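What's in structure10.cif: mmCIF, C-alpha atoms
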```cif
data_start
loop_
_atom_site.label_atom_id
_atom_site.label_comp_id
_atom_site.auth_asym_id
_atom_site.auth_seq_id
_atom_site.Cartn_x
_atom_site.Cartn_y
_atom_site.Cartn_z
CA MET A 1 -23.49 29.76 15.19
CA CYS A 2 -23.13 29.27 18.92
CA ASP A 3 -25.27 32.25 19.78
CA MET A 4 -28.25 31.99 17.57
CA GLY A 5 -30.40 35.06 17.51
CA ALA A 6 -34.16 34.84 17.43
CA ARG A 7 -34.24 35.37 13.69
CA GLU A 8 -31.86 32.47 13.04
CA VAL A 9 -33.84 30.13 15.28
CA GLU A 10 -36.97 31.15 13.43
CA ASN A 11 -35.28 30.55 10.09
CA MET A 12 -34.03 27.14 11.16
CA THR A 13 -37.42 26.08 12.51
CA ASP A 14 -38.93 27.32 9.30
CA LEU A 15 -36.40 25.33 7.29
CA ILE A 16 -37.06 22.12 9.22
CA LYS A 17 -40.79 22.59 8.75
CA ALA A 18 -40.33 23.17 5.05
CA VAL A 19 -38.12 20.09 4.63
CA ARG A 20 -40.59 18.03 6.65
CA SER A 21 -43.52 19.09 4.54
CA ALA A 22 -41.69 18.69 1.24
CA PHE A 23 -40.28 15.29 2.17
CA PRO A 24 -42.59 13.61 4.67
CA ASP A 25 -40.95 10.72 6.55
CA ALA A 26 -37.54 11.40 4.96
CA VAL A 27 -36.04 13.00 8.05
CA GLN A 28 -35.24 10.26 10.58
CA GLU A 29 -34.01 12.48 13.37
CA ILE A 30 -33.24 16.10 14.16
CA VAL A 31 -30.35 16.86 16.47
CA GLU A 32 -29.99 20.32 17.98
CA TYR A 33 -26.69 20.93 19.72
CA ARG A 34 -25.22 24.31 20.61
CA GLY A 35 -27.24 26.05 17.97
CA GLU A 36 -26.25 23.65 15.25
CA THR A 37 -28.91 21.68 13.48
CA THR A 38 -28.33 18.20 12.12
CA LEU A 39 -30.86 16.40 9.99
CA VAL A 40 -30.43 12.64 9.83
CA VAL A 41 -31.70 11.56 6.44
CA GLY A 42 -32.00 8.17 4.78
CA PRO A 43 -29.82 7.59 1.72
CA ALA A 44 -32.80 7.32 -0.59
CA HIS A 45 -33.92 10.91 0.06
CA ALA A 46 -30.56 12.54 0.64
CA LYS A 47 -29.93 13.80 -2.85
CA SER A 48 -33.43 15.25 -3.38
CA ILE A 49 -33.25 17.04 -0.01
CA LEU A 50 -29.84 18.49 -0.85
CA ARG A 51 -31.11 19.59 -4.25
CA TYR A 52 -34.11 21.21 -2.54
CA LEU A 53 -31.81 23.07 -0.16
CA LYS A 54 -29.72 24.38 -3.03
CA GLU A 55 -32.51 25.34 -5.40
CA GLU A 56 -35.36 26.39 -3.12
CA ARG A 57 -33.64 27.52 0.07
CA GLY A 58 -30.53 29.27 -1.27
CA PHE A 59 -27.87 26.97 0.19
CA ASN A 60 -25.53 27.90 -2.61
CA TYR A 61 -22.28 26.71 -1.05
CA LEU A 62 -21.25 23.22 0.02
CA ALA A 63 -18.67 23.78 2.74
CA ASP A 64 -17.63 20.18 3.19
CA VAL A 65 -18.44 16.53 2.70
CA SER A 66 -17.17 14.44 5.56
CA SER A 67 -17.58 10.94 6.89
CA ALA A 68 -17.30 8.85 10.05
CA HIS A 69 -16.95 5.12 10.60
CA TRP A 70 -18.88 3.55 13.48
CA PRO A 71 -17.76 -0.08 13.60
CA ASP A 72 -19.93 -1.04 16.56
CA GLU A 73 -23.07 0.24 14.87
CA GLY A 74 -21.87 -1.16 11.54
CA ARG A 75 -22.40 2.05 9.64
CA ILE A 76 -20.56 4.82 7.87
CA ASP A 77 -22.01 8.32 8.10
CA VAL A 78 -21.60 10.69 5.22
CA VAL A 79 -22.02 14.28 6.39
CA TYR A 80 -22.87 17.21 4.12
CA LEU A 81 -22.44 20.81 5.23
CA PRO A 82 -24.43 23.07 2.91
CA ARG A 83 -24.29 26.76 3.69
CA SER A 84 -26.12 29.83 2.45
CA LEU A 85 -23.79 32.70 1.69
CA LYS A 86 -26.73 35.14 1.64
CA THR A 87 -28.29 34.38 5.01
CA ALA A 88 -25.27 32.71 6.67
CA GLU A 89 -27.45 29.72 7.50
CA GLN A 90 -25.79 26.38 7.87
CA VAL A 91 -27.31 22.97 8.30
CA ARG A 92 -25.74 19.58 8.65
CA ILE A 93 -27.15 16.62 6.73
CA ARG A 94 -26.01 13.25 8.04
CA VAL A 95 -26.67 10.16 5.96
CA PRO A 96 -26.04 6.79 7.61
CA LEU A 97 -24.91 4.07 5.22
CA PRO A 98 -24.42 0.35 5.89
CA VAL A 99 -20.73 -0.51 6.20
CA GLU A 100 -21.15 -3.58 3.98
CA ASP A 101 -22.08 -1.48 0.97
CA PRO A 102 -21.46 2.21 1.59
CA SER A 103 -22.73 3.83 -1.58
CA ILE A 104 -24.78 6.95 -2.19
CA GLU A 105 -25.69 9.11 -5.13
CA THR A 106 -23.28 11.88 -5.97
CA VAL A 107 -24.14 15.53 -5.45
CA ALA A 108 -21.40 16.71 -7.81
CA ASP A 109 -24.07 17.79 -10.29
CA ILE A 110 -25.67 20.04 -7.66
CA TRP A 111 -22.50 21.64 -6.32
CA ARG A 112 -19.44 21.31 -8.54
CA THR A 113 -17.21 21.46 -5.46
CA ALA A 114 -18.57 18.10 -4.33
CA ASP A 115 -16.46 16.50 -7.04
CA TRP A 116 -13.20 16.67 -5.08
CA LEU A 117 -14.85 16.48 -1.65
CA GLU A 118 -16.45 13.18 -2.58
CA ARG A 119 -13.21 11.90 -4.02
CA GLU A 120 -11.59 12.55 -0.65
CA VAL A 121 -14.31 10.59 1.17
CA TYR A 122 -13.93 7.79 -1.36
CA ASP A 123 -10.16 7.80 -0.97
CA LEU A 124 -9.97 7.69 2.82
CA MET A 125 -13.25 5.97 3.77
CA GLY A 126 -14.18 3.91 0.74
CA VAL A 127 -17.65 5.30 0.16
CA THR A 128 -18.81 4.86 -3.44
CA PHE A 129 -20.57 7.84 -4.99
CA ILE A 130 -22.88 6.61 -7.73
CA GLY A 131 -22.78 8.77 -10.85
CA HIS A 132 -19.66 10.66 -9.84
CA PRO A 133 -17.88 12.04 -12.95
CA ASP A 134 -14.36 10.97 -11.92
CA LEU A 135 -14.23 8.76 -8.85
CA ARG A 136 -10.50 8.23 -8.27
CA ARG A 137 -8.23 8.57 -5.26
CA ILE A 138 -7.37 12.22 -4.73
CA MET A 139 -4.61 12.19 -2.11
CA LEU A 140 -3.18 8.70 -1.79
CA PRO A 141 -1.38 6.99 -4.68
CA GLU A 142 -3.41 4.91 -7.12
CA GLU A 143 -1.94 1.61 -5.96
CA PHE A 144 -2.73 2.23 -2.28
CA ASP A 145 -4.53 -0.75 -0.79
CA GLY A 146 -7.44 -0.08 1.53
CA HIS A 147 -9.01 3.03 2.97
CA PRO A 148 -6.96 4.27 5.92
CA LEU A 149 -9.67 6.09 7.89
CA ARG A 150 -11.66 2.88 8.30
CA LYS A 151 -11.24 1.67 11.85
CA GLU A 152 -10.08 -1.77 10.73
CA TYR A 153 -7.14 -0.32 8.80
CA PRO A 154 -3.96 -1.63 10.50
CA MET A 155 -2.02 1.18 12.18
CA GLU A 156 0.39 -0.96 14.16
CA GLY A 157 1.94 -4.36 13.75
CA ASP A 158 3.47 -6.26 10.88
CA ASP A 159 0.95 -4.88 8.47
CA GLU A 160 1.54 -1.21 9.26
CA TRP A 161 4.00 -0.91 6.36
CA ARG A 162 1.69 -2.61 3.85
CA ASN A 163 1.36 0.42 1.60
CA PHE A 164 4.87 1.78 1.97
CA LEU A 165 8.35 0.85 0.83
CA PRO A 166 10.15 -1.27 3.42
CA VAL A 167 13.09 0.30 5.23
CA LYS A 168 16.18 -1.76 4.48
CA ASP A 169 19.90 -1.44 5.03
CA THR A 170 21.49 0.55 2.26
CA ASP A 171 23.33 -1.42 -0.41
CA ASP A 172 27.11 -1.11 -0.46
CA ASP A 173 27.20 0.58 -3.87
CA GLN A 174 25.02 3.39 -2.56
CA LEU A 175 27.07 4.12 0.51
CA MET B 1 54.57 34.63 50.78
CA GLY B 2 56.57 32.72 48.23
CA VAL B 3 56.73 28.97 48.05
CA ASP B 4 59.99 27.29 47.33
CA PRO B 5 59.44 25.21 44.14
CA LYS B 6 61.60 22.50 45.58
CA ASP B 7 59.11 22.09 48.48
CA THR B 8 55.96 21.33 46.43
CA GLY B 9 56.21 17.63 47.01
CA LEU B 10 56.30 16.93 43.23
CA ASP B 11 58.80 14.59 41.76
CA GLU B 12 61.35 15.68 39.17
CA GLN B 13 59.35 14.39 36.15
CA THR B 14 56.20 16.26 37.10
CA ARG B 15 58.12 19.47 37.66
CA GLN B 16 59.60 19.14 34.18
CA ASP B 17 56.10 18.58 32.74
CA LEU B 18 54.82 21.67 34.47
CA GLU B 19 57.67 23.67 33.01
CA MET B 20 56.63 22.46 29.53
CA VAL B 21 53.01 23.53 30.13
CA LYS B 22 54.28 26.98 30.96
CA GLY B 23 55.95 26.91 27.56
CA GLY B 24 52.59 26.22 25.80
CA VAL B 25 52.68 22.43 25.67
CA ILE B 26 49.88 20.22 26.99
CA LEU B 27 50.40 16.59 27.77
CA SER B 28 47.39 14.33 27.36
CA SER B 29 46.36 11.03 25.92
CA MET B 30 45.86 10.84 22.17
CA SER B 31 42.27 9.66 22.50
CA LYS B 32 41.37 12.65 24.63
CA ILE B 33 42.89 15.04 22.10
CA VAL B 34 41.00 13.42 19.22
CA ASP B 35 37.76 13.41 21.18
CA MET B 36 38.20 17.09 22.00
CA ALA B 37 38.85 17.92 18.37
CA ARG B 38 35.76 16.01 17.29
CA LYS B 39 33.59 17.43 20.00
CA ASN B 40 34.33 21.02 19.05
CA SER B 41 33.87 20.58 15.32
CA LEU B 42 30.62 18.68 14.90
CA TRP B 43 29.21 18.97 11.39
CA PRO B 44 25.44 18.68 11.59
CA MET B 45 23.31 17.25 8.82
CA PRO B 46 19.97 19.07 9.01
CA PHE B 47 17.12 16.67 8.27
CA GLY B 48 14.25 19.14 8.58
CA LEU B 49 10.87 17.50 8.04
CA SER B 50 8.41 20.01 9.45
CA CYS B 51 8.04 22.92 11.88
CA CYS B 52 10.96 21.77 14.09
CA ALA B 53 13.23 22.69 11.20
CA ILE B 54 12.35 26.36 11.75
CA GLU B 55 13.61 26.18 15.34
CA MET B 56 16.69 24.39 14.06
CA MET B 57 17.35 27.32 11.71
CA ALA B 58 16.86 29.74 14.59
CA MET B 59 19.39 27.75 16.57
CA VAL B 60 22.01 28.20 13.86
CA ALA B 61 21.23 31.86 13.22
CA SER B 62 22.81 34.76 15.08
CA ARG B 63 20.54 35.04 18.11
CA TYR B 64 21.23 31.56 19.51
CA ASP B 65 24.35 30.95 17.43
CA LEU B 66 25.36 27.33 17.41
CA ALA B 67 28.79 28.49 16.20
CA ARG B 68 29.70 29.03 19.85
CA PHE B 69 29.87 25.25 20.12
CA GLY B 70 31.76 24.70 16.89
CA ALA B 71 28.83 23.09 15.11
CA GLU B 72 27.72 25.85 12.77
CA ALA B 73 28.87 24.21 9.53
CA MET B 74 25.63 22.65 8.31
CA ARG B 75 26.20 20.50 5.27
CA PHE B 76 23.44 19.25 3.04
CA THR B 77 25.22 16.11 2.00
CA PRO B 78 25.52 13.27 4.49
CA ARG B 79 29.05 12.49 3.35
CA GLN B 80 30.46 15.58 5.07
CA CYS B 81 28.53 15.25 8.31
CA ASP B 82 28.80 13.42 11.57
CA LEU B 83 25.70 14.63 13.45
CA MET B 84 22.21 14.06 12.06
CA ILE B 85 19.50 16.30 13.48
CA VAL B 86 16.16 14.78 12.52
CA ALA B 87 13.67 17.61 13.03
CA GLY B 88 10.03 16.86 12.44
CA THR B 89 7.45 14.23 11.61
CA LEU B 90 8.94 11.22 9.86
CA THR B 91 6.33 9.74 7.56
CA ARG B 92 6.51 6.17 6.36
CA LYS B 93 7.06 7.45 2.86
CA MET B 94 10.12 9.43 4.00
CA ALA B 95 11.52 6.63 6.19
CA PRO B 96 13.62 4.84 3.51
CA ALA B 97 15.27 8.17 2.62
CA CYS B 98 16.04 8.86 6.29
CA LYS B 99 17.63 5.43 6.69
CA ARG B 100 19.68 5.78 3.52
CA ILE B 101 21.00 9.22 4.46
CA TYR B 102 21.97 7.91 7.90
CA ASP B 103 23.77 4.97 6.29
CA GLN B 104 25.61 7.33 3.94
CA MET B 105 27.12 9.35 6.79
CA PRO B 106 30.70 8.27 7.58
CA GLU B 107 31.53 6.90 11.02
CA PRO B 108 31.64 8.14 13.72
CA LYS B 109 28.13 9.57 13.63
CA TRP B 110 25.53 10.70 16.12
CA VAL B 111 21.80 11.32 15.87
CA ILE B 112 19.59 13.86 17.64
CA ALA B 113 15.84 13.18 17.55
CA MET B 114 14.40 16.69 17.77
CA GLY B 115 10.79 17.10 18.88
CA VAL B 116 8.09 14.68 19.98
CA CYS B 117 7.09 13.60 16.46
CA THR B 118 10.59 12.41 15.76
CA THR B 119 10.85 10.80 19.18
CA THR B 120 7.53 8.96 19.38
CA GLY B 121 5.29 9.99 16.53
CA GLY B 122 3.88 12.72 18.77
CA MET B 123 0.28 13.64 18.19
CA PHE B 124 0.17 11.71 14.92
CA ASP B 125 -1.24 8.31 15.81
CA ALA B 126 -1.79 7.75 12.12
CA TYR B 127 -1.34 5.19 9.38
CA SER B 128 1.26 7.31 7.64
CA VAL B 129 3.65 8.28 10.46
CA VAL B 130 6.60 6.35 11.92
CA MET B 131 6.16 6.07 15.70
CA GLY B 132 9.63 7.34 16.52
CA ILE B 133 12.75 7.33 14.36
CA ASP B 134 14.41 4.84 16.71
CA HIS B 135 12.37 2.25 14.83
CA ILE B 136 14.53 3.14 11.82
CA ILE B 137 17.91 4.42 13.03
CA PRO B 138 19.73 4.54 16.39
CA VAL B 139 19.25 7.75 18.38
CA ASP B 140 21.74 9.28 20.81
CA VAL B 141 19.78 12.20 22.27
CA TYR B 142 16.04 12.82 22.32
CA VAL B 143 14.79 16.40 22.62
CA PRO B 144 11.21 16.81 23.86
CA GLY B 145 9.08 19.75 22.80
CA CYS B 146 6.66 20.70 20.08
CA PRO B 147 8.81 22.23 18.75
CA PRO B 148 11.71 22.39 21.24
CA ARG B 149 13.21 25.81 21.86
CA PRO B 150 16.60 26.48 20.28
CA GLU B 151 18.21 26.41 23.73
CA ALA B 152 16.93 22.86 24.20
CA VAL B 153 18.50 21.75 20.95
CA ILE B 154 21.77 23.49 21.85
CA TYR B 155 21.65 21.58 25.14
CA SER B 156 21.22 18.36 23.19
CA VAL B 157 24.25 19.25 21.06
CA MET B 158 26.19 19.75 24.32
CA LYS B 159 24.98 16.32 25.46
CA ILE B 160 26.33 14.91 22.20
CA GLN B 161 29.64 16.64 22.97
CA GLU B 162 29.73 14.93 26.36
CA GLN B 163 29.13 11.65 24.60
CA VAL B 164 31.91 12.35 22.12
CA MET B 165 34.28 12.88 25.05
CA ARG B 166 33.32 9.43 26.31
CA GLU B 167 34.10 7.83 22.95
CA GLN B 168 37.76 7.09 23.90
CA TRP B 169 39.09 7.17 20.38
CA ALA B 170 41.65 4.46 19.65
CA PRO B 171 43.87 4.27 16.56
CA LEU B 172 42.39 1.02 15.32
CA GLY B 173 38.92 1.98 16.40
CA LYS B 174 36.96 -0.28 18.64
CA PRO B 175 33.26 -0.09 17.74
CA ARG B 176 31.63 2.92 19.26
CA ARG B 177 28.70 2.76 21.61
CA HIS B 178 25.62 3.23 19.46
CA GLY B 179 22.54 5.18 20.33
CA HIS B 180 19.18 3.74 21.26
CA TYR B 181 17.73 1.59 18.49
CA ARG B 182 14.29 0.23 19.19
CA GLY B 183 13.68 -1.57 15.92
CA ARG B 184 10.39 -3.34 15.46
CA ASP B 185 8.45 -3.92 18.65
CA PRO B 186 8.02 -7.71 19.09
CA ARG B 187 4.73 -7.07 20.84
CA TYR B 188 3.23 -6.09 17.50
CA LYS B 189 4.02 -9.35 15.71
CA ALA B 190 0.65 -10.89 16.47
CA LEU B 191 -1.49 -8.68 14.22
CA PRO B 192 -2.98 -10.76 11.41
CA LEU B 193 -1.78 -9.88 7.94
CA LEU B 194 -4.30 -8.70 5.42
CA ASP B 195 -4.01 -10.17 1.94
CA LYS B 196 -2.21 -7.77 -0.33
CA GLY B 197 -4.34 -6.83 -3.30
CA LYS B 198 -7.53 -8.01 -1.66
CA LYS B 199 -10.11 -5.37 -0.92
CA ILE B 200 -9.96 -4.51 2.73
CA ALA B 201 -12.55 -6.21 4.92
CA THR B 202 -15.69 -4.11 5.12
CA LYS B 203 -17.36 -5.79 8.06
CA GLY B 204 -17.82 -3.64 11.11
CA THR B 205 -15.83 -5.15 13.95
CA PRO B 206 -12.94 -7.43 13.03
CA ASP B 207 -13.15 -11.10 13.89
CA ASP B 208 -12.50 -11.27 17.63
CA SER B 209 -10.48 -14.48 17.44
CA GLN B 210 -8.01 -12.76 15.12
CA THR B 211 -7.65 -9.66 17.25
CA PRO B 212 -4.51 -9.78 19.37
CA THR B 213 -5.11 -9.24 23.06
CA TRP B 214 -3.38 -5.88 23.20
CA ARG B 215 -5.79 -4.53 20.59
CA LYS B 216 -8.95 -5.84 22.23
CA GLY B 217 -11.19 -3.10 23.44
CA TYR B 218 -9.83 -0.79 20.77
CA PHE B 219 -13.10 -0.69 18.90
CA SER B 220 -15.41 -0.42 21.88
CA GLY B 221 -13.82 2.59 23.50
#
```
Represent the supplied structure as C-alpha cells.
Amino acid sequence: MCDMGAREVENMTDLIKAVRSAFPDAVQEIVEYRGETTLVVGPAHAKSILRYLKEERGFNYLADVSSAHWPDEGRIDVVYLPRSLKTAEQVRIRVPLPVEDPSIETVADIWRTADWLEREVYDLMGVTFIGHPDLRRIMLPEEFDGHPLRKEYPMEGDDEWRNFLPVKDTDDDQL
Amino acid sequence: MGVDPKDTGLDEQTRQDLEMVKGGVILSSMSKIVDMARKNSLWPMPFGLSCCAIEMMAMVASRYDLARFGAEAMRFTPRQCDLMIVAGTLTRKMAPACKRIYDQMPEPKWVIAMGVCTTTGGMFDAYSVVMGIDHIIPVDVYVPGCPPRPEAVIYSVMKIQEQVMREQWAPLGKPRRHGHYRGRDPRYKALPLLDKGKKIATKGTPDDSQTPTWRKGYFSG
C-alpha cells in the first residue's frame, strides 16, 4: 500500500466521502500516512460503520483487531483492519475508548473471525466486547490476574512473578 | 653433538623420574589427573528452549563435532550430566523446571548460558520472560549471540574445560567455586505489590507517590 496508484487514491477518497455522507459527524479524524488511511471513529458509531464497510463496500475480510494503551491520554485504542479481497483495499478504523471503562460492541456477528481476535484483545488488554458469544481468555490461563499489555502491569520487581509459580530450591526427595 | 646425561645438572631423583616417563609413566598430582579426566569427558545436558537449540544441535553434529572435546555424550536426564547448556528464552513458566533440573544434576556441575535471551532476557522485555537465568541458577560461562555460532559455543565449552582444570579436586572435596548467581535484584524491592485477586488498577498513570524512583519517567517516554 506504500505506492498507491491513482485508482486506489480515488477509491479511498470515494470511500471516505461515502462514509462521511452515510455517517455524518461519526468520523472524528482522518489520518493519511504513507498511503494508509486511518479513520478515527467514536465508539457509538464504530459497529455501524464496520457493518457498512462489510455489507456495502465489500470489505469481506477482517485482517486483525488490535489495541494500544495510552496511559498519558487515559485511553485504550481498539484498531480494526478490514480488508477487501476483491479490490485489495484496506482501511484502518481506530476507536478510542476511555481506560476507566474500555468496552465496545462486538463485531463477531459481522465477521466470524472477530470472535478469537476480540478474545485476544480482551485477554491481553482487558477490553470488554459487549455481546461477544464467548468472551474468555484465549492465550493466558483462566486464573491469570490482570491484563499484561496494560502499561501498569508490573514487569519488574517483587510483583513480576505474581502470575507464575515461584522458583524454589528443590525438595530433598526430588533430588 | 651428544650431551653426557651425567652433565644435565639434574639430581639423581629427577633422572630416575625421567627414565620412568620414557617407560610410559607420568608423574603428577592426583587433583590434576582427576581434573584432566573430568575436563575431557564433560557430559552436557541440553536444555534447548528455542532457536539456540538448533545451533546447539549443529555444534554436536559432524560439521562442528563437539566430540573432538570429549563432550559429545548428550544425556537427556540430569542425573547423568555435569554440564547444563541452557539454550534459549527462559520463560517464567519454565523457570521452576529449569531450577529443578539444575538441582537434580550431581556435583560437580557447570552451566553455560547460551545466547542473549538466556543471558539477559535479550529482546524480550516482557512480563513472561526471566531476565537472565542467573536470577535462577548460577552461570559459569555466558555466550553472546542471537543465536551464537557453534564455534562460539565450542569456545565456551573450552572455557568450561579451563575452569575444570582450576577446580583442584581434593579427595574430601572442598566446595567448588560456583558460577555467577545474580538472584533477585535488591533494586527492584520497592515496587508496590498489587493485591492478588483484585482486578488490576484501570486508571491511566499509576499513583506517582507509589512509583519507585527508578521507574519514574517510564510512562512519559
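Residue nearest chain A within the list B:Ala95, B:Met74, B:Val116, B:Ile154: B:Ala95 [criterion: smallest interatomic distance, only C-alpha atoms].
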(message) Which residues would end up in the selection if the PyMOL selection byres ((chain A) within 6 of (chain B)) were applied here, given that I need the answer as a PyMOL selection string?
(response) chain A and resi 71+74+100+146+155+157-159+167+170+175
(request) Would you list the contacts of A:Ser84 as a ChimeraX atom specification, taking every protein, DNA or RNA residue within 10 Å and counting all atoms listed in the file, but skipping same-chain residues closer than 2 positions in sequence? (result) /A:53-54,57-63,82,86-91
(message) Give me the residues near A:Pro141 as a ChimeraX atom specification, where near means some atom within 10 Å (using all atoms listed in the file) and where sequence neighbours in that chain fewer than 4 positions away do not count.
(response) /A:123,136-137,145,163
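You can rank B:Glu151, B:Ser156, B:Glu162, B:Ala87 by their closest distance to B:Asp65 using all atoms listed in the file, and at the top of that list sits B:Glu151.
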Cut-off 12 Å around (-23.7, 16.2, -8.3) with all atoms listed in the file: residues as an mmCIF file with C-alpha atoms, in the coordinates of the input:
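Resulting contents of part21.cif:
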```
data_model
loop_
_atom_site.group_PDB
_atom_site.id
_atom_site.type_symbol
_atom_site.label_atom_id
_atom_site.label_comp_id
_atom_site.auth_asym_id
_atom_site.auth_seq_id
_atom_site.Cartn_x
_atom_site.Cartn_y
_atom_site.Cartn_z
ATOM 1 C CA ALA A 46 -30.560 12.540 0.640
ATOM 2 C CA LYS A 47 -29.930 13.800 -2.850
ATOM 3 C CA SER A 48 -33.430 15.250 -3.380
ATOM 4 C CA LEU A 50 -29.840 18.490 -0.850
ATOM 5 C CA ARG A 51 -31.110 19.590 -4.250
ATOM 6 C CA LYS A 54 -29.720 24.380 -3.030
ATOM 7 C CA LEU A 62 -21.250 23.220 0.020
ATOM 8 C CA ILE A 104 -24.780 6.950 -2.190
ATOM 9 C CA GLU A 105 -25.690 9.110 -5.130
ATOM 10 C CA THR A 106 -23.280 11.880 -5.970
ATOM 11 C CA VAL A 107 -24.140 15.530 -5.450
ATOM 12 C CA ALA A 108 -21.400 16.710 -7.810
ATOM 13 C CA ASP A 109 -24.070 17.790 -10.290
ATOM 14 C CA ILE A 110 -25.670 20.040 -7.660
ATOM 15 C CA TRP A 111 -22.500 21.640 -6.320
ATOM 16 C CA ARG A 112 -19.440 21.310 -8.540
ATOM 17 C CA THR A 113 -17.210 21.460 -5.460
ATOM 18 C CA ALA A 114 -18.570 18.100 -4.330
ATOM 19 C CA ASP A 115 -16.460 16.500 -7.040
ATOM 20 C CA TRP A 116 -13.200 16.670 -5.080
ATOM 21 C CA LEU A 117 -14.850 16.480 -1.650
ATOM 22 C CA GLU A 118 -16.450 13.180 -2.580
ATOM 23 C CA PHE A 129 -20.570 7.840 -4.990
ATOM 24 C CA ILE A 130 -22.880 6.610 -7.730
ATOM 25 C CA GLY A 131 -22.780 8.770 -10.850
ATOM 26 C CA HIS A 132 -19.660 10.660 -9.840
ATOM 27 C CA PRO A 133 -17.880 12.040 -12.950
ATOM 28 C CA ASP A 134 -14.360 10.970 -11.920
#
```
Could you tell me which residues the PyMOL selection byres ((chain A and resi 69) around 8) returns for this structure, as a PDB file with C-alpha atoms, keeping the file's coordinate frame?
```pdb
ATOM      1  CA  SER A  67     -17.580  10.940   6.890  1.00  0.00           C
ATOM      2  CA  ALA A  68     -17.300   8.850  10.050  1.00  0.00           C
ATOM      3  CA  TRP A  70     -18.880   3.550  13.480  1.00  0.00           C
ATOM      4  CA  PRO A  71     -17.760  -0.080  13.600  1.00  0.00           C
ATOM      5  CA  ARG A  75     -22.400   2.050   9.640  1.00  0.00           C
ATOM      6  CA  ILE A  76     -20.560   4.820   7.870  1.00  0.00           C
ATOM      7  CA  ASP A  77     -22.010   8.320   8.100  1.00  0.00           C
ATOM      8  CA  MET A 125     -13.250   5.970   3.770  1.00  0.00           C
ATOM      9  CA  LEU A 149      -9.670   6.090   7.890  1.00  0.00           C
ATOM     10  CA  ARG A 150     -11.660   2.880   8.300  1.00  0.00           C
ATOM     11  CA  LYS A 151     -11.240   1.670  11.850  1.00  0.00           C
TER      12      LYS A 151
END
```
(message) What does the structure give for the distance between atom CA of B:Gln168 and atom CA of B:Arg38, in Å to one decimal?
(response) 11.3 Å
(request) Can you work out the spacing between atom CA of A:Leu140 and atom CA of B:Phe47 in Å, to one decimal? (result) 24.0 Å
Stretch 35-40 of chain A: which residues within 12 Å, counting all atoms listed in the file, same-chain residues fewer than 3 positions away excluded, as a PDB file with C-alpha atoms, in the coordinates of the input?
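Listed below is the output, selection-v9.pdb:
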```pdb
ATOM      1  CA  MET A   1     -23.490  29.760  15.190  1.00  0.00           C
ATOM      2  CA  CYS A   2     -23.130  29.270  18.920  1.00  0.00           C
ATOM      3  CA  ASP A   3     -25.270  32.250  19.780  1.00  0.00           C
ATOM      4  CA  MET A   4     -28.250  31.990  17.570  1.00  0.00           C
ATOM      5  CA  GLY A   5     -30.400  35.060  17.510  1.00  0.00           C
ATOM      6  CA  ALA A   6     -34.160  34.840  17.430  1.00  0.00           C
ATOM      7  CA  GLU A   8     -31.860  32.470  13.040  1.00  0.00           C
ATOM      8  CA  VAL A   9     -33.840  30.130  15.280  1.00  0.00           C
ATOM      9  CA  GLU A  10     -36.970  31.150  13.430  1.00  0.00           C
ATOM     10  CA  ASN A  11     -35.280  30.550  10.090  1.00  0.00           C
ATOM     11  CA  MET A  12     -34.030  27.140  11.160  1.00  0.00           C
ATOM     12  CA  THR A  13     -37.420  26.080  12.510  1.00  0.00           C
ATOM     13  CA  LEU A  15     -36.400  25.330   7.290  1.00  0.00           C
ATOM     14  CA  ILE A  16     -37.060  22.120   9.220  1.00  0.00           C
ATOM     15  CA  LYS A  17     -40.790  22.590   8.750  1.00  0.00           C
ATOM     16  CA  VAL A  19     -38.120  20.090   4.630  1.00  0.00           C
ATOM     17  CA  ARG A  20     -40.590  18.030   6.650  1.00  0.00           C
ATOM     18  CA  ASP A  25     -40.950  10.720   6.550  1.00  0.00           C
ATOM     19  CA  ALA A  26     -37.540  11.400   4.960  1.00  0.00           C
ATOM     20  CA  VAL A  27     -36.040  13.000   8.050  1.00  0.00           C
ATOM     21  CA  GLN A  28     -35.240  10.260  10.580  1.00  0.00           C
ATOM     22  CA  GLU A  29     -34.010  12.480  13.370  1.00  0.00           C
ATOM     23  CA  ILE A  30     -33.240  16.100  14.160  1.00  0.00           C
ATOM     24  CA  VAL A  31     -30.350  16.860  16.470  1.00  0.00           C
ATOM     25  CA  GLU A  32     -29.990  20.320  17.980  1.00  0.00           C
ATOM     26  CA  PRO A  43     -29.820   7.590   1.720  1.00  0.00           C
ATOM     27  CA  ALA A  44     -32.800   7.320  -0.590  1.00  0.00           C
ATOM     28  CA  HIS A  45     -33.920  10.910   0.060  1.00  0.00           C
ATOM     29  CA  ALA A  46     -30.560  12.540   0.640  1.00  0.00           C
ATOM     30  CA  ILE A  49     -33.250  17.040  -0.010  1.00  0.00           C
ATOM     31  CA  LEU A  50     -29.840  18.490  -0.850  1.00  0.00           C
ATOM     32  CA  ASP A  77     -22.010   8.320   8.100  1.00  0.00           C
ATOM     33  CA  VAL A  78     -21.600  10.690   5.220  1.00  0.00           C
ATOM     34  CA  VAL A  79     -22.020  14.280   6.390  1.00  0.00           C
ATOM     35  CA  TYR A  80     -22.870  17.210   4.120  1.00  0.00           C
ATOM     36  CA  LEU A  81     -22.440  20.810   5.230  1.00  0.00           C
ATOM     37  CA  PRO A  82     -24.430  23.070   2.910  1.00  0.00           C
ATOM     38  CA  ARG A  83     -24.290  26.760   3.690  1.00  0.00           C
ATOM     39  CA  GLU A  89     -27.450  29.720   7.500  1.00  0.00           C
ATOM     40  CA  GLN A  90     -25.790  26.380   7.870  1.00  0.00           C
ATOM     41  CA  VAL A  91     -27.310  22.970   8.300  1.00  0.00           C
ATOM     42  CA  ARG A  92     -25.740  19.580   8.650  1.00  0.00           C
ATOM     43  CA  ILE A  93     -27.150  16.620   6.730  1.00  0.00           C
ATOM     44  CA  ARG A  94     -26.010  13.250   8.040  1.00  0.00           C
ATOM     45  CA  VAL A  95     -26.670  10.160   5.960  1.00  0.00           C
ATOM     46  CA  PRO A  96     -26.040   6.790   7.610  1.00  0.00           C
ATOM     47  CA  LEU A  97     -24.910   4.070   5.220  1.00  0.00           C
TER      48      LEU A  97
END
```
(request) Grab the atom CA of A:Ile138 to atom CA of A:Arg119 distance for me, in Å with one decimal place. (result) 5.9 Å
(request) Take the PyMOL selection byres ((chain B and resi 163) around 10), apply it to the structure above, and return the hits as a VMD selection string. (result) chain B and resid 35 39 110 140 to 141 157 to 162 164 to 168 177
